[in-house]
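Coordinates as given in work24.cif (mmCIF, C-alpha atoms):
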data_data
#
loop_
_atom_site.label_atom_id
_atom_site.label_comp_id
_atom_site.auth_asym_id
_atom_site.auth_seq_id
_atom_site.Cartn_x
_atom_site.Cartn_y
_atom_site.Cartn_z
CA MET N 833 22.09 15.18 -22.27
CA ALA N 834 20.92 13.43 -19.14
CA THR N 835 20.70 9.66 -19.32
CA ARG N 836 17.35 7.95 -18.96
CA GLU N 837 18.34 6.68 -15.52
CA ALA N 838 19.30 10.16 -14.36
CA ARG N 839 15.98 11.51 -15.63
CA LEU N 840 14.03 8.81 -13.76
CA ASN N 841 15.98 9.62 -10.62
CA GLY N 842 15.12 13.28 -10.98
CA TYR N 843 11.45 12.37 -11.33
CA TYR N 844 11.62 10.15 -8.26
CA SER N 845 13.14 12.83 -6.06
CA GLU N 846 10.46 15.25 -7.27
CA LEU N 847 7.83 12.59 -6.50
CA ARG N 848 9.23 12.11 -3.01
CA LYS N 849 9.00 15.82 -2.25
CA LEU N 850 5.38 15.95 -3.45
CA ILE N 851 4.48 12.95 -1.28
CA GLU N 852 6.02 14.68 1.74
CA ALA N 853 3.93 17.76 0.92
CA SER N 854 0.78 15.56 0.52
CA ASN N 855 0.15 17.20 -2.85
CA TYR N 856 -1.75 14.27 -4.34
CA GLN N 857 -2.79 15.90 -7.64
CA LYS N 858 0.84 16.64 -8.43
CA VAL N 859 1.92 13.18 -7.20
CA ILE N 860 -0.30 11.71 -9.93
CA LYS N 861 1.32 13.97 -12.56
CA ALA N 862 4.86 13.16 -11.40
CA ALA N 863 4.08 9.42 -11.36
CA ASN N 864 2.69 9.73 -14.89
CA LYS N 865 6.01 11.16 -16.07
CA ILE N 866 7.85 8.09 -14.76
CA ILE N 867 5.25 5.66 -16.11
CA GLY N 868 5.41 7.38 -19.51
CA GLU N 869 9.13 6.78 -19.61
CA GLU N 870 9.19 3.33 -18.03
CA PRO N 871 5.89 1.44 -17.60
CA LYS N 872 7.62 -1.29 -15.57
CA GLU N 873 8.21 1.04 -12.59
CA VAL N 874 5.87 -0.54 -10.01
CA GLU N 875 6.71 2.07 -7.36
CA ALA N 876 5.47 4.88 -9.62
CA TRP N 877 2.23 3.00 -10.30
CA ARG N 878 1.76 2.40 -6.58
CA CYS N 879 2.30 6.12 -5.85
CA LYS N 880 -0.33 7.02 -8.43
CA VAL N 881 -2.87 4.54 -7.01
CA VAL N 882 -2.27 5.62 -3.40
CA ALA N 883 -2.64 9.29 -4.38
CA GLN N 884 -5.93 8.53 -6.15
CA ILE N 885 -7.20 6.61 -3.12
CA ASN N 886 -6.24 9.55 -0.90
CA LEU N 887 -8.33 11.76 -3.19
CA ASP N 888 -11.26 9.30 -2.81
CA SER N 889 -11.08 8.55 -6.56
CA PHE N 890 -11.56 4.83 -6.08
CA HIS N 891 -12.79 4.20 -9.61
CA ASP N 892 -9.78 5.95 -11.16
CA ALA N 893 -7.47 4.11 -8.77
CA LEU N 894 -8.98 0.76 -9.75
CA VAL N 895 -8.54 1.58 -13.45
CA THR N 896 -4.90 2.49 -12.71
CA THR N 897 -4.19 -0.87 -11.04
CA ILE N 898 -5.61 -2.70 -14.06
CA LYS N 899 -3.77 -0.50 -16.58
CA SER N 900 -0.49 -0.98 -14.69
CA LYS N 901 -0.41 -4.70 -15.57
CA HIS N 902 1.06 -5.14 -12.07
CA THR N 903 -2.13 -6.53 -10.54
CA ILE N 904 -0.16 -9.11 -8.54
CA GLU N 905 2.05 -6.49 -6.88
CA LEU N 906 -0.87 -4.08 -6.48
CA ALA N 907 -3.40 -6.73 -5.37
CA PHE N 908 -3.94 -5.11 -1.98
CA GLU N 909 -4.64 -1.66 -3.46
CA LYS N 910 -6.85 -3.15 -6.21
CA SER N 911 -8.88 -5.17 -3.73
CA TYR N 912 -9.29 -2.17 -1.43
CA CYS N 913 -10.67 -0.07 -4.31
CA GLU N 914 -13.14 -2.83 -5.22
CA TYR N 915 -14.16 -3.06 -1.56
CA ARG N 916 -14.80 0.70 -1.40
CA LEU N 917 -16.73 0.59 -4.69
CA ASN N 918 -18.91 -2.13 -3.17
CA LYS N 919 -17.66 -4.72 -5.65
CA VAL N 920 -17.27 -7.05 -2.73
CA LYS N 921 -17.14 -10.33 -4.65
CA GLU N 922 -14.38 -8.98 -6.93
CA ALA N 923 -12.55 -7.62 -3.89
CA TYR N 924 -12.63 -11.07 -2.32
CA ASP N 925 -11.33 -12.75 -5.51
CA THR N 926 -8.51 -10.18 -5.76
CA VAL N 927 -7.44 -10.52 -2.14
CA CYS N 928 -7.40 -14.31 -2.58
CA THR N 929 -4.86 -13.98 -5.42
CA VAL N 930 -2.30 -13.24 -2.71
CA THR N 931 -1.27 -16.82 -2.09
CA ASP N 932 1.47 -16.02 0.39
CA PRO N 933 1.40 -18.79 3.04
CA LYS N 934 2.02 -16.10 5.66
CA PRO N 935 0.00 -13.11 4.40
CA ASP N 936 0.92 -9.78 5.96
CA LEU N 937 -1.32 -7.83 8.30
CA ARG N 938 -2.76 -5.53 5.64
CA ILE N 939 -4.02 -8.46 3.55
CA LEU N 940 -5.58 -10.15 6.59
CA GLU N 941 -7.20 -6.93 7.78
CA LEU N 942 -8.72 -6.23 4.36
CA LYS N 943 -9.85 -9.84 4.00
CA ALA N 944 -11.64 -9.65 7.36
CA GLN N 945 -13.49 -6.49 6.28
CA ILE N 946 -14.50 -8.07 2.96
CA LEU N 947 -15.78 -11.19 4.73
CA TYR N 948 -17.84 -8.90 6.99
CA ARG N 949 -19.47 -7.25 3.96
CA LEU N 950 -20.06 -10.70 2.45
CA GLU N 951 -21.84 -11.55 5.72
CA ARG N 952 -19.53 -14.53 6.20
CA TYR N 953 -19.35 -13.82 9.88
CA ASP N 954 -17.86 -17.13 11.01
CA ASP N 955 -14.91 -16.84 8.60
CA CYS N 956 -14.55 -13.16 9.49
CA HIS N 957 -14.49 -13.99 13.18
CA GLY N 958 -11.68 -16.51 12.58
CA VAL N 959 -9.54 -13.96 10.70
CA TYR N 960 -10.01 -11.31 13.42
CA ARG N 961 -9.10 -13.81 16.13
CA ASP N 962 -5.88 -14.61 14.25
CA ILE N 963 -5.05 -10.93 13.77
CA ILE N 964 -5.73 -10.02 17.40
CA ARG N 965 -3.66 -12.96 18.64
CA THR N 966 -0.61 -12.06 16.57
CA THR N 967 -0.75 -8.25 16.47
CA SER N 968 -0.31 -5.47 18.98
CA ASP N 969 -0.40 -1.85 17.84
CA ASP N 970 -2.34 1.41 18.23
CA TYR N 971 -5.45 -0.12 16.65
CA ASP N 972 -6.04 -3.01 19.07
CA LEU N 973 -9.16 -1.33 20.44
CA GLU N 974 -10.68 -0.72 16.99
CA ARG N 975 -10.03 -4.35 16.10
CA LEU N 976 -11.84 -5.50 19.24
CA THR N 977 -14.75 -3.23 18.27
CA ASN N 978 -14.86 -4.89 14.84
CA LEU N 979 -14.72 -8.31 16.47
CA SER N 980 -17.69 -7.47 18.68
CA ALA N 981 -19.62 -6.25 15.59
CA VAL N 982 -18.96 -9.65 14.02
CA THR N 983 -20.10 -11.38 17.19
CA VAL N 984 -23.36 -9.40 17.20
CA HIS N 985 -24.15 -10.58 13.65
CA ARG N 986 -23.22 -14.17 14.46
CA ASP N 987 -25.61 -14.10 17.41
CA GLU N 988 -28.34 -12.57 15.22
CA GLY N 989 -27.84 -15.45 12.79
CA ASP N 990 -28.23 -17.97 15.60
CA GLU N 991 -31.42 -16.24 16.82
CA SER N 992 -33.08 -16.23 13.40
CA GLU N 993 -32.23 -19.91 12.99
CA GLU N 994 -33.90 -20.58 16.33
CA GLU N 995 -36.96 -18.59 15.26
CA GLU N 996 -37.22 -20.61 12.06
CA SER N 997 -36.96 -23.95 13.86
CA VAL P 629 -53.94 -2.03 12.73
CA PRO P 630 -50.17 -1.44 12.93
CA THR P 631 -48.12 -4.35 14.20
CA PRO P 632 -46.76 -3.86 17.72
CA MET P 633 -43.38 -2.13 18.00
CA LYS P 634 -40.40 -4.41 18.33
CA SER P 635 -36.89 -3.49 19.39
CA VAL P 636 -34.12 -4.16 16.85
CA HIS P 637 -30.38 -4.27 17.26
CA CYS P 638 -28.58 -1.05 16.47
CA LYS P 639 -26.00 -1.26 13.70
CA PRO P 640 -22.72 -2.05 15.40
CA LEU P 641 -19.65 0.12 14.87
CA PHE P 642 -17.20 -1.25 12.33
CA PHE P 643 -13.92 0.48 11.52
CA ASP P 644 -12.08 0.52 8.19
CA LEU P 645 -8.63 -0.45 9.41
CA ALA P 646 -7.33 -1.54 6.00
CA LEU P 647 -7.21 2.13 4.99
CA ASN P 648 -4.32 2.59 7.45
CA HIS P 649 -2.26 0.23 5.32
CA ILE P 650 -2.71 2.29 2.16
CA SER P 651 0.62 4.07 2.11
CA PHE P 652 3.18 5.38 -0.33
CA PRO P 653 6.17 3.13 -0.96
CA SER P 654 9.57 4.22 0.28
CA LEU P 655 11.37 5.82 -2.64
CA GLU P 656 14.63 5.99 -0.70
CA HIS P 657 16.34 3.28 -2.77
CA LYS P 658 15.12 4.86 -6.02
CA VAL P 659 16.86 8.13 -5.20
CA GLU P 660 19.84 6.73 -3.30
CA THR P 661 21.03 4.31 -5.97
CA SER P 662 21.48 7.20 -8.36
CA LYS P 663 23.46 9.21 -5.82
CA LYS P 664 25.69 6.22 -5.10
CA LYS P 665 26.29 5.66 -8.80
CA GLN P 666 27.10 9.30 -9.33
CA GLN P 667 29.51 9.19 -6.41
CA GLN P 668 31.12 6.04 -7.80
CA GLN P 669 31.52 7.69 -11.18
CA GLN P 670 33.05 10.75 -9.55
CA HIS P 671 35.45 8.56 -7.57
CA GLN P 672 36.47 6.75 -10.74
CA GLN P 673 37.05 10.03 -12.55
CA GLU P 674 39.13 11.33 -9.67
CA ALA P 675 41.10 8.11 -9.37
CA ALA P 676 41.84 7.76 -13.07
CA PRO P 677 44.49 10.48 -13.59
CA GLY P 678 47.40 9.64 -11.30
CA GLY P 679 45.27 8.01 -8.56
CA GLY P 680 43.64 11.13 -7.00
CA LEU P 681 44.92 12.50 -3.70
CA THR P 682 47.15 9.52 -2.83
CA GLY P 683 48.68 9.76 -6.29
CA LEU P 684 49.40 13.41 -5.68
CA VAL P 685 51.05 12.72 -2.32
CA SER P 686 53.19 9.90 -3.70
CA ARG P 687 54.24 12.15 -6.57
CA TRP P 688 55.34 14.73 -4.01
CA TRP P 689 57.31 12.04 -2.22
CA GLY P 690 58.75 10.95 -5.54
CA MET P 691 59.76 14.53 -6.35
CA GLY P 692 61.32 14.87 -2.89
CA GLY P 693 63.36 11.72 -3.58
CA ASN P 694 64.61 13.05 -6.88
CA ASN P 695 65.77 16.25 -5.29
#
Go ahead and render the structure in this file as structure tokens.
Amino acid sequence: MATREARLNGYYSELRKLIEASNYQKVIKAANKIIGEEPKEVEAWRCKVVAQINLDSFHDALVTTIKSKHTIELAFEKSYCEYRLNKVKEAYDTVCTVTDPKPDLRILELKAQILYRLERYDDCHGVYRDIIRTTSDDYDLERLTNLSAVTVHRDEGDESEEEES
Amino acid sequence: VPTPMKSVHCKPLFFDLALNHISFPSLEHKVETSKKKQQQQQHQQEAAPGGGLTGLVSRWWGMGGNN
């Protein structure tokens, strides 16, 4: 009889093949097998959440992150789901649970988008300036576009203040 | 009487770049560790009776010496 470890390894290699084939429905099923056997397997939970996000099932994905009891490890995915479900305040609280003194790019990028939805344009502008200063990749142009969107709203804010005064 | 028309700002473009960071974790280590362990176990099994290939060679040498 195969040991538990050997079984988990079999499941993981199956999972890897399904990910390569972008078969998200089956990825969820394969991840469930692993989670059923060992609920502490964060990687399996993450695979399930990412597959659900790829299927645009943001509500299901959010439920998965909560059920996983790995909300610290899956904070980015959880916050992204909340952001897409327009639970912007919750998304902000979740992204702020990542207390890393040097947060990685994905956290900063998500935080900037949440601040934009929260209409906190000054804070958002600051985050984008930091990202643009420290990052160079294929999305530089899109980031500049987002920064100019923020600038437009900041200017609008200034104008309405002037109108009021 | 309708109020006079007034131009408004168009909604600026804003991209969802965080979506690019939603990616599957690498499962390489999850699959590799098992292979390594299996290999180690195989090596141990091979090495146990008479020390595998080197054991075989030395036994040949030993036999040669006896003859």
Q. Please, which residues of chain P lie no more than 12 Å from chain N when the count uses only C-alpha atoms, and can they be set out as number ranges by chain?
A. P: 636-666
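A straight line drawn from CA of Leu950 (chain N) to CA of Val920 (chain N) is 6.9 Å long.
Our summary of the geometry notes that CA of Glu870 (chain N) is positioned 13.6 Å from CA of Lys899 (chain N).
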(Q) Which residue is closest to Gln857 (chain N)? Choose from N:Asp972, N:His902, N:Gln884, N:Trp877 and count only C-alpha atoms. (A)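 Ranking N:Asp972, N:His902, N:Gln884, N:Trp877 by distance to Gln857 (chain N), first place goes to N:Gln884.
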Q: Tell me, in Å to one decimal, how far CA of Ala862 (chain N) is from CA of Arg836 (chain N).
A: 15.5 Å
**Q.** Cut-off 12 Å around (-9.7, -14.0, -5.4) with all atoms listed in the file: residues as a list in words
**A.**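 So the residues meeting the distance criterion are Thr903, Ile904, Ala907, Phe908, Lys910, Ser911, Glu914, Val920, Lys921, Glu922, Ala923, Tyr924, Asp925, Thr926, Val927, Cys928, Thr929, Val930, Thr931, Ile939, Lys943 and Ile946 of chain N.
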